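Participant: My file is my_file_2.txt. It has compact mmCIF, C-alpha atoms:
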```txt
# COMPACT_ATOMS: atom_id res chain seq x y z
CA MET A 1 -106.76 -60.80 -60.92
CA GLU A 2 -109.49 -58.38 -59.94
CA ARG A 3 -112.77 -59.87 -58.77
CA TYR A 4 -115.95 -58.82 -60.55
CA PHE A 5 -118.43 -61.15 -58.87
CA SER A 6 -119.83 -61.33 -55.38
CA ASP A 7 -118.42 -64.24 -53.34
CA SER A 8 -121.38 -66.57 -53.83
CA ILE A 9 -121.46 -66.01 -57.59
CA GLN A 10 -117.69 -66.39 -57.93
CA HIS A 11 -117.84 -69.65 -55.99
CA ALA A 12 -120.63 -71.06 -58.18
CA VAL A 13 -118.76 -69.98 -61.35
CA ASP A 14 -115.59 -71.69 -60.07
CA GLU A 15 -117.45 -74.88 -59.21
CA LEU A 16 -119.27 -75.04 -62.56
CA SER A 17 -116.03 -74.38 -64.45
CA LYS A 18 -114.66 -77.66 -63.08
CA LEU A 19 -117.24 -79.59 -65.10
CA PRO A 20 -116.22 -81.03 -68.49
CA GLY A 21 -117.07 -78.76 -71.43
CA ILE A 22 -117.89 -75.76 -69.24
CA GLY A 23 -115.54 -72.80 -69.34
CA LYS A 24 -115.66 -69.57 -67.34
CA LYS A 25 -118.01 -67.91 -69.85
CA SER A 26 -120.52 -70.78 -69.90
CA ALA A 27 -120.34 -71.01 -66.11
CA GLN A 28 -121.20 -67.29 -65.85
CA ARG A 29 -124.08 -67.75 -68.25
CA ILE A 30 -125.43 -70.65 -66.19
CA VAL A 31 -125.09 -68.72 -62.93
CA PHE A 32 -126.98 -65.73 -64.32
CA PHE A 33 -129.64 -68.13 -65.58
CA LEU A 34 -129.91 -69.70 -62.11
CA LEU A 35 -130.23 -66.24 -60.55
CA LYS A 36 -133.32 -65.67 -62.69
CA ILE A 37 -135.21 -68.92 -62.13
CA PRO A 38 -137.16 -69.72 -58.92
CA LYS A 39 -135.20 -71.15 -56.02
CA PRO A 40 -137.07 -74.52 -55.91
CA ASN A 41 -135.86 -75.20 -59.47
CA VAL A 42 -132.25 -74.57 -58.42
CA VAL A 43 -132.70 -76.80 -55.38
CA GLU A 44 -134.11 -79.57 -57.58
CA LEU A 45 -131.09 -79.33 -59.89
CA ALA A 46 -128.67 -79.34 -56.94
CA ASP A 47 -130.44 -82.29 -55.28
CA SER A 48 -130.45 -84.29 -58.51
CA LEU A 49 -126.65 -83.99 -58.68
CA VAL A 50 -126.12 -85.18 -55.11
CA ASP A 51 -128.73 -87.90 -55.70
CA ILE A 52 -126.65 -89.63 -58.35
CA LYS A 53 -123.89 -90.00 -55.76
CA ASP A 54 -126.31 -91.37 -53.18
CA LYS A 55 -128.28 -93.73 -55.39
CA SER A 56 -125.98 -94.80 -58.22
CA LYS A 57 -123.66 -97.70 -57.68
CA PHE A 58 -121.67 -100.06 -59.83
CA CYS A 59 -123.36 -103.28 -60.88
CA SER A 60 -121.46 -106.03 -59.06
CA VAL A 61 -121.49 -108.16 -62.22
CA CYS A 62 -120.66 -105.85 -65.15
CA TYR A 63 -119.66 -102.60 -63.34
CA ASN A 64 -122.19 -100.58 -65.28
CA ILE A 65 -123.70 -97.72 -63.26
CA THR A 66 -127.09 -98.56 -61.85
CA ASP A 67 -129.63 -97.81 -59.08
CA THR A 68 -130.27 -101.56 -58.61
CA ASP A 69 -127.73 -104.36 -58.25
CA PRO A 70 -127.37 -106.34 -60.47
CA CYS A 71 -128.18 -103.79 -63.18
CA PRO A 72 -131.27 -104.17 -65.40
CA ILE A 73 -129.13 -105.58 -68.25
CA CYS A 74 -127.40 -108.25 -66.14
CA SER A 75 -130.65 -109.25 -64.42
CA SER A 76 -132.73 -109.35 -67.63
CA GLY A 77 -133.73 -112.84 -68.73
CA ARG A 78 -133.99 -111.62 -72.33
CA ARG A 79 -130.31 -110.88 -72.91
CA ASP A 80 -127.90 -113.30 -74.57
CA GLN A 81 -125.80 -114.49 -71.63
CA SER A 82 -123.14 -116.03 -73.88
CA THR A 83 -121.80 -112.75 -75.30
CA ILE A 84 -119.95 -110.07 -73.35
CA CYS A 85 -119.14 -106.69 -74.88
CA VAL A 86 -116.16 -105.08 -73.13
CA VAL A 87 -116.26 -101.27 -73.00
CA GLU A 88 -114.19 -98.59 -71.29
CA GLU A 89 -116.91 -96.58 -69.56
CA ALA A 90 -120.56 -96.77 -68.55
CA ASN A 91 -121.50 -94.17 -71.16
CA ASP A 92 -120.26 -96.56 -73.84
CA VAL A 93 -122.91 -99.01 -72.61
CA ILE A 94 -125.57 -96.36 -73.18
CA ALA A 95 -124.25 -95.52 -76.66
CA LEU A 96 -124.34 -99.20 -77.65
CA GLU A 97 -127.75 -99.78 -76.05
CA LYS A 98 -129.19 -96.90 -78.04
CA THR A 99 -128.35 -98.69 -81.30
CA GLY A 100 -130.78 -101.45 -80.27
CA GLU A 101 -128.48 -103.87 -82.15
CA TYR A 102 -126.79 -105.60 -79.27
CA ARG A 103 -128.61 -108.13 -77.08
CA GLY A 104 -125.72 -109.56 -75.06
CA LEU A 105 -124.16 -108.50 -71.75
CA PHE A 106 -121.53 -105.85 -71.02
CA HIS A 107 -118.38 -105.48 -69.00
CA VAL A 108 -117.23 -101.99 -68.05
CA LEU A 109 -113.45 -101.80 -67.59
CA GLY A 110 -113.48 -98.36 -65.98
CA GLY A 111 -110.97 -96.90 -68.45
CA ALA A 112 -108.21 -98.02 -70.81
CA LEU A 113 -104.59 -99.00 -70.30
CA SER A 114 -102.43 -95.90 -70.10
CA PRO A 115 -98.99 -96.54 -68.60
CA LEU A 116 -98.12 -92.81 -68.70
CA ASP A 117 -101.11 -92.08 -66.44
CA GLY A 118 -100.28 -95.03 -64.20
CA ILE A 119 -103.26 -97.07 -65.41
CA GLY A 120 -102.32 -100.72 -65.72
CA PRO A 121 -104.52 -103.85 -65.75
CA ASP A 122 -104.90 -103.71 -61.95
CA GLU A 123 -106.52 -100.28 -62.18
CA LEU A 124 -109.13 -101.66 -64.62
CA ARG A 125 -111.69 -104.40 -64.02
CA VAL A 126 -109.69 -107.00 -65.94
CA LYS A 127 -109.55 -109.61 -63.19
CA GLU A 128 -113.32 -109.31 -62.80
CA LEU A 129 -113.73 -109.87 -66.55
CA MET A 130 -111.56 -112.98 -66.48
CA THR A 131 -113.68 -114.41 -63.63
CA ARG A 132 -116.83 -113.92 -65.70
CA LEU A 133 -115.24 -115.70 -68.67
CA LYS A 134 -114.98 -118.90 -66.65
CA GLU A 135 -118.76 -119.13 -67.01
CA ASP A 136 -120.58 -120.10 -70.21
CA VAL A 137 -119.30 -117.29 -72.45
CA GLN A 138 -118.99 -117.94 -76.21
CA GLU A 139 -117.84 -114.55 -77.50
CA VAL A 140 -116.11 -111.46 -76.16
CA ILE A 141 -116.59 -108.31 -78.27
CA ILE A 142 -113.89 -105.78 -77.47
CA ALA A 143 -115.41 -102.31 -77.90
CA THR A 144 -112.71 -100.10 -76.44
CA ASN A 145 -112.20 -96.76 -78.17
CA PRO A 146 -110.32 -96.59 -81.49
CA ASN A 147 -107.42 -94.56 -80.04
CA THR A 148 -103.95 -95.52 -78.78
CA GLU A 149 -105.06 -96.49 -75.26
CA GLY A 150 -108.17 -98.28 -76.48
CA GLU A 151 -106.21 -100.25 -79.09
CA ALA A 152 -103.52 -101.20 -76.55
CA THR A 153 -106.23 -102.37 -74.16
CA ALA A 154 -107.89 -104.39 -76.93
CA ILE A 155 -104.61 -106.12 -77.83
CA TYR A 156 -103.83 -106.78 -74.16
CA LEU A 157 -107.25 -108.33 -73.52
CA ALA A 158 -107.17 -110.38 -76.71
CA LYS A 159 -103.84 -111.96 -75.65
CA LEU A 160 -105.19 -112.63 -72.16
CA ILE A 161 -108.41 -114.24 -73.37
CA GLN A 162 -106.90 -116.27 -76.27
CA PRO A 163 -105.92 -119.33 -74.10
CA LEU A 164 -109.55 -119.66 -72.91
CA ASN A 165 -110.67 -120.70 -76.40
CA ILE A 166 -113.42 -118.07 -76.58
CA LYS A 167 -114.25 -116.23 -79.79
CA ILE A 168 -112.75 -112.72 -79.55
CA THR A 169 -113.97 -109.93 -81.86
CA ARG A 170 -113.27 -106.21 -82.17
CA ILE A 171 -115.91 -103.68 -83.27
CA ALA A 172 -115.42 -102.61 -86.88
CA ARG A 173 -113.60 -99.42 -87.74
CA GLY A 174 -114.53 -97.61 -90.91
CA ILE A 175 -116.03 -94.53 -92.41
CA PRO A 176 -118.81 -93.13 -90.21
CA VAL A 177 -122.24 -93.13 -91.83
CA GLY A 178 -122.95 -89.74 -93.40
CA ILE A 179 -119.30 -88.80 -93.87
CA ASP A 180 -117.96 -88.42 -97.42
CA ILE A 181 -114.88 -90.47 -98.26
CA GLU A 182 -113.00 -87.29 -99.16
CA HIS A 183 -113.54 -85.98 -95.64
CA ALA A 184 -112.52 -89.13 -93.76
CA ASP A 185 -109.04 -89.03 -92.22
CA GLU A 186 -106.46 -91.36 -93.76
CA ILE A 187 -106.15 -93.73 -90.79
CA THR A 188 -109.90 -94.30 -90.73
CA LEU A 189 -109.85 -94.73 -94.50
CA SER A 190 -107.07 -97.32 -94.44
CA ARG A 191 -108.91 -99.18 -91.66
CA ALA A 192 -112.06 -99.07 -93.78
CA ILE A 193 -110.20 -100.67 -96.70
CA GLU A 194 -108.61 -103.29 -94.43
CA GLY A 195 -111.99 -104.19 -92.97
CA ARG A 196 -113.86 -104.31 -96.28
CA VAL A 197 -116.68 -106.83 -96.56
CA THR A 198 -118.02 -108.71 -99.60
CA PHE A 199 -121.56 -108.01 -100.75
CA MET B 1 -138.64 -93.42 -75.98
CA GLU B 2 -136.77 -96.22 -74.26
CA ARG B 3 -134.87 -95.33 -71.09
CA TYR B 4 -131.17 -96.12 -70.97
CA PHE B 5 -130.30 -94.52 -67.65
CA SER B 6 -131.15 -95.38 -64.09
CA ASP B 7 -133.73 -93.04 -62.52
CA SER B 8 -131.26 -90.91 -60.61
CA ILE B 9 -129.00 -90.43 -63.65
CA GLN B 10 -131.93 -89.67 -65.94
CA HIS B 11 -133.18 -87.07 -63.49
CA ALA B 12 -129.79 -85.35 -63.23
CA VAL B 13 -129.42 -85.40 -67.04
CA ASP B 14 -132.89 -83.84 -67.41
CA GLU B 15 -132.12 -81.15 -64.84
CA LEU B 16 -128.75 -80.26 -66.36
CA SER B 17 -130.28 -80.12 -69.86
CA LYS B 18 -132.44 -77.22 -68.71
CA LEU B 19 -129.34 -75.03 -68.30
CA PRO B 20 -128.37 -72.67 -71.14
CA GLY B 21 -125.81 -74.15 -73.53
CA ILE B 22 -126.14 -77.67 -72.14
CA GLY B 23 -127.75 -80.30 -74.35
CA LYS B 24 -128.52 -83.94 -73.58
CA LYS B 25 -125.03 -85.06 -74.64
CA SER B 26 -123.19 -82.50 -72.49
CA ALA B 27 -125.51 -83.29 -69.59
CA GLN B 28 -124.64 -86.98 -69.88
CA ARG B 29 -120.95 -86.15 -69.98
CA ILE B 30 -121.27 -84.02 -66.84
CA VAL B 31 -123.24 -86.71 -65.01
CA PHE B 32 -120.64 -89.35 -65.80
CA PHE B 33 -117.95 -86.95 -64.64
CA LEU B 34 -119.84 -86.39 -61.36
CA LEU B 35 -120.16 -90.14 -60.89
CA LYS B 36 -116.37 -90.38 -60.96
CA ILE B 37 -115.43 -87.58 -58.57
CA PRO B 38 -115.72 -87.84 -54.77
CA LYS B 39 -119.12 -87.07 -53.24
CA PRO B 40 -117.92 -84.03 -51.19
CA ASN B 41 -116.96 -82.33 -54.48
CA VAL B 42 -120.44 -82.89 -55.89
CA VAL B 43 -121.98 -81.60 -52.66
CA GLU B 44 -119.82 -78.48 -52.87
CA LEU B 45 -120.96 -77.83 -56.42
CA ALA B 46 -124.62 -78.41 -55.50
CA ASP B 47 -124.36 -76.17 -52.43
CA SER B 48 -122.69 -73.39 -54.40
CA LEU B 49 -125.67 -73.30 -56.77
CA VAL B 50 -128.24 -73.05 -53.98
CA ASP B 51 -126.00 -70.52 -52.23
CA ILE B 52 -126.34 -67.97 -55.01
CA LYS B 53 -130.11 -68.06 -54.47
CA ASP B 54 -129.70 -67.63 -50.71
CA LYS B 55 -127.02 -64.95 -50.69
CA SER B 56 -127.37 -62.96 -53.90
CA LYS B 57 -129.78 -60.10 -53.96
CA PHE B 58 -130.36 -57.05 -56.11
CA CYS B 59 -128.59 -53.85 -55.10
CA SER B 60 -131.37 -51.50 -53.98
CA VAL B 61 -129.68 -48.63 -55.86
CA CYS B 62 -128.56 -50.01 -59.24
CA TYR B 63 -130.19 -53.50 -59.27
CA ASN B 64 -126.87 -55.18 -59.93
CA ILE B 65 -126.58 -58.62 -58.31
CA THR B 66 -124.64 -58.52 -55.04
CA ASP B 67 -124.09 -60.21 -51.68
CA THR B 68 -124.09 -56.83 -49.92
CA ASP B 69 -126.56 -53.94 -50.30
CA PRO B 70 -125.74 -51.43 -51.69
CA CYS B 71 -123.37 -53.28 -54.05
CA PRO B 72 -119.60 -52.63 -53.94
CA ILE B 73 -119.83 -50.32 -56.98
CA CYS B 74 -122.61 -48.13 -55.56
CA SER B 75 -120.98 -47.95 -52.13
CA SER B 76 -117.47 -47.24 -53.46
CA GLY B 77 -116.23 -43.71 -52.77
CA ARG B 78 -113.91 -43.95 -55.78
CA ARG B 79 -116.58 -44.12 -58.50
CA ASP B 80 -117.77 -41.13 -60.50
CA GLN B 81 -121.25 -40.55 -59.04
CA SER B 82 -122.26 -38.22 -61.87
CA THR B 83 -122.33 -40.83 -64.64
CA ILE B 84 -124.78 -43.74 -64.88
CA CYS B 85 -124.35 -46.47 -67.46
CA VAL B 86 -127.68 -48.19 -68.21
CA VAL B 87 -127.42 -51.89 -69.11
CA GLU B 88 -129.90 -54.68 -69.65
CA GLU B 89 -128.52 -57.36 -67.35
CA ALA B 90 -126.11 -57.82 -64.45
CA ASN B 91 -123.67 -59.71 -66.66
CA ASP B 92 -123.34 -56.59 -68.80
CA VAL B 93 -122.02 -54.83 -65.68
CA ILE B 94 -119.34 -57.50 -65.36
CA ALA B 95 -118.40 -57.26 -69.06
CA LEU B 96 -118.00 -53.48 -68.77
CA GLU B 97 -116.15 -53.68 -65.43
CA LYS B 98 -113.65 -56.07 -66.99
CA THR B 99 -112.59 -53.41 -69.50
CA GLY B 100 -111.37 -51.28 -66.59
CA GLU B 101 -112.37 -48.23 -68.68
CA TYR B 102 -115.50 -47.15 -66.91
CA ARG B 103 -115.42 -45.51 -63.47
CA GLY B 104 -119.03 -44.37 -63.11
CA LEU B 105 -122.11 -46.10 -61.72
CA PHE B 106 -124.51 -48.57 -63.34
CA HIS B 107 -128.23 -49.11 -63.62
CA VAL B 108 -129.48 -52.59 -64.50
CA LEU B 109 -132.84 -52.53 -66.30
CA GLY B 110 -133.49 -56.24 -65.97
CA GLY B 111 -134.04 -56.72 -69.71
CA ALA B 112 -135.05 -54.74 -72.79
CA LEU B 113 -138.39 -53.56 -74.14
CA SER B 114 -140.06 -56.36 -76.06
CA PRO B 115 -143.78 -55.80 -76.62
CA LEU B 116 -144.19 -59.25 -78.20
CA ASP B 117 -142.95 -60.85 -74.98
CA GLY B 118 -145.10 -58.52 -72.88
CA ILE B 119 -142.10 -56.57 -71.60
CA GLY B 120 -142.94 -52.88 -71.36
CA PRO B 121 -141.34 -50.08 -69.30
CA ASP B 122 -143.17 -51.28 -66.16
CA GLU B 123 -141.47 -54.67 -66.37
CA LEU B 124 -138.06 -52.98 -66.43
CA ARG B 125 -136.47 -50.77 -63.77
CA VAL B 126 -137.20 -47.57 -65.69
CA LYS B 127 -139.06 -45.77 -62.88
CA GLU B 128 -136.15 -46.54 -60.54
CA LEU B 129 -133.73 -45.06 -63.10
CA MET B 130 -135.77 -41.86 -63.40
CA THR B 131 -135.74 -41.47 -59.60
CA ARG B 132 -131.94 -41.70 -59.59
CA LEU B 133 -131.69 -39.06 -62.31
CA LYS B 134 -133.26 -36.49 -59.97
CA GLU B 135 -129.95 -36.57 -58.08
CA ASP B 136 -126.71 -35.02 -59.29
CA VAL B 137 -126.31 -36.98 -62.55
CA GLN B 138 -124.48 -35.35 -65.48
CA GLU B 139 -124.47 -38.12 -68.07
CA VAL B 140 -126.44 -41.26 -68.84
CA ILE B 141 -124.64 -43.77 -71.09
CA ILE B 142 -127.13 -46.14 -72.68
CA ALA B 143 -125.41 -49.49 -73.12
CA THR B 144 -128.32 -51.73 -74.10
CA ASN B 145 -127.54 -54.43 -76.65
CA PRO B 146 -127.19 -53.51 -80.36
CA ASN B 147 -130.25 -55.55 -81.40
CA THR B 148 -133.89 -54.59 -82.09
CA GLU B 149 -135.01 -54.71 -78.45
CA GLY B 150 -131.90 -52.97 -77.18
CA GLU B 151 -132.17 -50.18 -79.76
CA ALA B 152 -135.88 -49.68 -79.03
CA THR B 153 -135.09 -49.47 -75.32
CA ALA B 154 -132.29 -46.97 -75.99
CA ILE B 155 -134.60 -44.73 -78.06
CA TYR B 156 -137.36 -44.98 -75.45
CA LEU B 157 -135.01 -44.04 -72.60
CA ALA B 158 -133.41 -41.20 -74.57
CA LYS B 159 -136.84 -39.63 -75.16
CA LEU B 160 -137.77 -40.06 -71.52
CA ILE B 161 -134.55 -38.52 -70.20
CA GLN B 162 -134.29 -35.67 -72.74
CA PRO B 163 -136.51 -33.20 -70.76
CA LEU B 164 -134.22 -33.57 -67.72
CA ASN B 165 -131.39 -31.79 -69.54
CA ILE B 166 -128.87 -34.53 -68.85
CA LYS B 167 -126.24 -35.55 -71.42
CA ILE B 168 -127.37 -38.82 -73.03
CA THR B 169 -124.88 -41.00 -74.92
CA ARG B 170 -125.04 -44.41 -76.57
CA ILE B 171 -122.08 -46.81 -76.64
CA ALA B 172 -120.37 -46.84 -80.06
CA ARG B 173 -121.19 -49.50 -82.60
CA GLY B 174 -118.53 -50.45 -85.09
CA ILE B 175 -116.24 -53.18 -86.25
CA PRO B 176 -115.08 -55.41 -83.40
CA VAL B 177 -111.35 -55.35 -82.76
CA GLY B 178 -109.64 -58.23 -84.54
CA ILE B 179 -112.32 -58.62 -87.20
CA ASP B 180 -111.42 -57.87 -90.84
CA ILE B 181 -113.65 -55.38 -92.61
CA GLU B 182 -114.45 -57.95 -95.27
CA HIS B 183 -115.89 -60.23 -92.59
CA ALA B 184 -118.00 -57.62 -90.81
CA ASP B 185 -121.73 -57.74 -91.56
CA GLU B 186 -123.15 -54.81 -93.52
CA ILE B 187 -125.24 -53.34 -90.71
CA THR B 188 -122.21 -53.20 -88.42
CA LEU B 189 -120.16 -51.77 -91.27
CA SER B 190 -122.67 -49.01 -92.03
CA ARG B 191 -122.81 -48.18 -88.31
CA ALA B 192 -119.02 -48.05 -88.27
CA ILE B 193 -119.03 -45.52 -91.11
CA GLU B 194 -121.81 -43.47 -89.48
CA GLY B 195 -119.90 -43.38 -86.21
CA ARG B 196 -116.52 -42.55 -87.76
CA VAL B 197 -114.22 -40.36 -85.67
CA THR B 198 -111.55 -37.84 -86.76
CA PHE B 199 -107.95 -38.58 -85.90
```
Translate this file's structure into structure tokens.
Facilitator:
Amino acid sequence: MERYFSDSIQHAVDELSKLPGIGKKSAQRIVFFLLKIPKPNVVELADSLVDIKDKSKFCSVCYNITDTDPCPICSSGRRDQSTICVVEEANDVIALEKTGEYRGLFHVLGGALSPLDGIGPDELRVKELMTRLKEDVQEVIIATNPNTEGEATAIYLAKLIQPLNIKITRIARGIPVGIDIEHADEITLSRAIEGRVTF
Amino acid sequence: MERYFSDSIQHAVDELSKLPGIGKKSAQRIVFFLLKIPKPNVVELADSLVDIKDKSKFCSVCYNITDTDPCPICSSGRRDQSTICVVEEANDVIALEKTGEYRGLFHVLGGALSPLDGIGPDELRVKELMTRLKEDVQEVIIATNPNTEGEATAIYLAKLIQPLNIKITRIARGIPVGIDIEHADEITLSRAIEGRVTF
């Protein structure tokens, strides 16, 4: 393939294209944008990216990403210590926090079971979860994603936790708010009927 | 607004959100991706962005972006020195180079006339273009964008160049390849009829 960019631009385009959701075209657009803005702004962007590697660490309790250990959620006295919500990734914590609904603690697995990708229980923070459950935990809410891997992980965890005599719940599946019934896919729709509630 | 991220993550999300085509959600996704990959990879990305500011400069002839001055196109002995294609931005050079059709030189204006944004001929590299036209140039192809600013710039340049007795052409407007006539907008369609060619 012929090269149309100078070396430095090509390199930046290649590097940006490795990021999720950024293709060659978007990478080019970003590079030409960076060429136009003052250098200190580019340096600040670049430094902020390296900074997250230097400053962010996993919370030693819940494995959420944090600048302080334990993380603000685990070290808050205002959270319900008896409920742990198990999620796949740290961004799920943020999504759930934004709802403002949940006042318990979290546990970040670091992914979902996926035998084809070589991800078994040992690759996830399952052992660490089980250790936490020996403490005064009343309920575990399993909030893994509603896909094959997430469901398999939920079933696996539920079986593992059952003997401990702790209440185990799974987040509800149903029709997303704002979506017409006619536009919901059939699996979601059948789950919504299954999970119907009286009112 | 409540803060859900640690300081370093929030800062990186804010910085990434300033880039074109990247919103808060994409920025979050990128940050969580960066948190997962090894630090040297993040450093390489960050360095590549600063590098374009350190190494890239404008070609002193055509104002294309380049690591070497003059740029590879201007210094190539295999380009037709008698034709100059005038474009708004350096990425237009790349788009045209990719076609492999054009073998002449370029001139990058650095934008288009836009009185409302305070961009007049002095803000663009118009004087520099006129200086180049005193040399042995036979044809100027005006390839500014087919929008209001681009058209105004094309008309302005055409008037300016006319007295020099140089052939002035404008890139053809018409129906994009692969688009059905019924889906083309009416302005494009009327331009396509205007610019019809015999075959």
Participant: Which residues of chain B have any atom within 8 Å of an atom in chain A when counting all atoms listed in the file, and what is the closest pair of atoms for each, with the distance in Å to one decimal? Order the rows by chain and rising number and write it as a Markdown table.
Facilitator:
```
| residue | atom | partner | partner_atom | distance |
| --- | --- | --- | --- | --- |
| B:Tyr4 | CA | A:Ile94 | CA | 6.0 |
| B:Phe5 | CA | A:Ile94 | CA | 7.5 |
| B:Ser6 | CA | A:Thr66 | CA | 5.6 |
| B:Asp7 | CA | A:Asp67 | CA | 7.2 |
| B:Ser8 | CA | A:Ile52 | CA | 5.3 |
| B:Ile9 | CA | A:Ile52 | CA | 5.9 |
| B:His11 | CA | A:Ser48 | CA | 6.3 |
| B:Ala12 | CA | A:Ser48 | CA | 4.9 |
| B:Glu15 | CA | A:Leu45 | CA | 5.4 |
| B:Leu16 | CA | A:Leu45 | CA | 6.9 |
| B:Leu19 | CA | A:Ile30 | CA | 6.2 |
| B:Pro20 | CA | A:Ile30 | CA | 6.1 |
| B:Gly21 | CA | A:Ser26 | CA | 7.2 |
| B:Ser26 | CA | A:Gly21 | CA | 7.3 |
| B:Gln28 | CA | A:Asn91 | CA | 7.9 |
| B:Arg29 | CA | A:Pro20 | CA | 7.1 |
| B:Ile30 | CA | A:Pro20 | CA | 6.1 |
| B:Val31 | CA | A:Leu49 | CA | 7.7 |
| B:Phe32 | CA | A:Asn91 | CA | 7.3 |
| B:Phe33 | CA | A:Pro20 | CA | 7.3 |
| B:Leu34 | CA | A:Leu49 | CA | 7.7 |
| B:Leu35 | CA | A:Lys53 | CA | 6.3 |
| B:Lys39 | CA | A:Lys53 | CA | 6.1 |
| B:Val42 | CA | A:Val50 | CA | 6.2 |
| B:Val43 | CA | A:Val50 | CA | 6.0 |
| B:Glu44 | CA | A:Glu15 | CA | 7.7 |
| B:Leu45 | CA | A:Glu15 | CA | 5.4 |
| B:Ala46 | CA | A:Ala46 | CA | 4.4 |
| B:Asp47 | CA | A:Ala46 | CA | 7.0 |
| B:Ser48 | CA | A:Ala12 | CA | 4.9 |
| B:Leu49 | CA | A:Ala12 | CA | 5.7 |
| B:Val50 | CA | A:Val43 | CA | 6.0 |
| B:Asp51 | CA | A:Ser8 | CA | 6.3 |
| B:Ile52 | CA | A:Ser8 | CA | 5.3 |
| B:Lys53 | CA | A:Lys39 | CA | 6.2 |
| B:Lys55 | CA | A:Ser8 | CA | 6.7 |
| B:Ser56 | CA | A:Ser8 | CA | 7.0 |
| B:Ile65 | CA | A:Ser6 | CA | 7.8 |
| B:Thr66 | CA | A:Ser6 | CA | 5.6 |
| B:Asp67 | CA | A:Ser6 | CA | 5.8 |
| B:Ala90 | CA | A:Phe32 | CA | 8.0 |
| B:Asn91 | CA | A:Phe32 | CA | 7.3 |
| B:Ile94 | CA | A:Tyr4 | CA | 6.0 |
| B:Glu97 | CA | A:Tyr4 | CA | 7.1 |
| B:Lys98 | CA | A:Tyr4 | CA | 7.4 |
```
Participant: Output the selection as a JSON list (two decimals), keeping the file's coordinate frame - C-alpha atoms for each residue.
Facilitator:
```
[["chain", "number", "residue", "atom", "x", "y", "z"],
["B", 4, "TYR", "CA", -131.17, -96.12, -70.97],
["B", 5, "PHE", "CA", -130.30, -94.52, -67.65],
["B", 6, "SER", "CA", -131.15, -95.38, -64.09],
["B", 7, "ASP", "CA", -133.73, -93.04, -62.52],
["B", 8, "SER", "CA", -131.26, -90.91, -60.61],
["B", 9, "ILE", "CA", -129.00, -90.43, -63.65],
["B", 11, "HIS", "CA", -133.18, -87.07, -63.49],
["B", 12, "ALA", "CA", -129.79, -85.35, -63.23],
["B", 15, "GLU", "CA", -132.12, -81.15, -64.84],
["B", 16, "LEU", "CA", -128.75, -80.26, -66.36],
["B", 19, "LEU", "CA", -129.34, -75.03, -68.30],
["B", 20, "PRO", "CA", -128.37, -72.67, -71.14],
["B", 21, "GLY", "CA", -125.81, -74.15, -73.53],
["B", 26, "SER", "CA", -123.19, -82.50, -72.49],
["B", 28, "GLN", "CA", -124.64, -86.98, -69.88],
["B", 29, "ARG", "CA", -120.95, -86.15, -69.98],
["B", 30, "ILE", "CA", -121.27, -84.02, -66.84],
["B", 31, "VAL", "CA", -123.24, -86.71, -65.01],
["B", 32, "PHE", "CA", -120.64, -89.35, -65.80],
["B", 33, "PHE", "CA", -117.95, -86.95, -64.64],
["B", 34, "LEU", "CA", -119.84, -86.39, -61.36],
["B", 35, "LEU", "CA", -120.16, -90.14, -60.89],
["B", 39, "LYS", "CA", -119.12, -87.07, -53.24],
["B", 42, "VAL", "CA", -120.44, -82.89, -55.89],
["B", 43, "VAL", "CA", -121.98, -81.60, -52.66],
["B", 44, "GLU", "CA", -119.82, -78.48, -52.87],
["B", 45, "LEU", "CA", -120.96, -77.83, -56.42],
["B", 46, "ALA", "CA", -124.62, -78.41, -55.50],
["B", 47, "ASP", "CA", -124.36, -76.17, -52.43],
["B", 48, "SER", "CA", -122.69, -73.39, -54.40],
["B", 49, "LEU", "CA", -125.67, -73.30, -56.77],
["B", 50, "VAL", "CA", -128.24, -73.05, -53.98],
["B", 51, "ASP", "CA", -126.00, -70.52, -52.23],
["B", 52, "ILE", "CA", -126.34, -67.97, -55.01],
["B", 53, "LYS", "CA", -130.11, -68.06, -54.47],
["B", 55, "LYS", "CA", -127.02, -64.95, -50.69],
["B", 56, "SER", "CA", -127.37, -62.96, -53.90],
["B", 65, "ILE", "CA", -126.58, -58.62, -58.31],
["B", 66, "THR", "CA", -124.64, -58.52, -55.04],
["B", 67, "ASP", "CA", -124.09, -60.21, -51.68],
["B", 90, "ALA", "CA", -126.11, -57.82, -64.45],
["B", 91, "ASN", "CA", -123.67, -59.71, -66.66],
["B", 94, "ILE", "CA", -119.34, -57.50, -65.36],
["B", 97, "GLU", "CA", -116.15, -53.68, -65.43],
["B", 98, "LYS", "CA", -113.65, -56.07, -66.99]]
```
Participant: From the list A:Asp136, A:Asp69, A:Leu189, A:Arg125, which residue is nearest Ile84 (chain A) when using all atoms listed in the file?
Facilitator: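 Closest candidate: A:Asp136.
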Participant: Need to verify the contact set: Thr144 (chain A), 12 Å, all atoms listed in the file, exclusion of same-chain residues closer than 3 positions in sequence. Can you return it as a ChimeraX atom specification?
Facilitator: /A:85-93,96,106-113,140-141,147-158,169-173
Participant: In Å to one decimal, how far is CA of Leu116 (chain B) from CA of Ser60 (chain B)?
Facilitator: 28.5 Å
Participant: Would you work out the distance separating CA of Pro176 (chain A) from CA of Ala192 (chain A), expressed in Å to one decimal?
Facilitator: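 Separation between CA of Pro176 (chain A) and CA of Ala192 (chain A): 9.7 Å.
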Participant: Between CA of Glu101 (chain A) and CA of Asp80 (chain A), what is the distance in Å, rounded to a tenth?
Facilitator: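 Separation of CA of Glu101 (chain A) and CA of Asp80 (chain A): 12.1 Å.
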Participant: Would you kindly return, as JSON, numbers by chain, each protein, DNA or RNA residue with an atom no farther than 10 Å from any atom of Gly174 (chain B), considering all atoms listed in the file and excluding same-chain residues fewer than 4 positions away?
Facilitator: {"B": [184, 187, 188, 189, 190, 191, 192, 193, 194, 195, 196]}
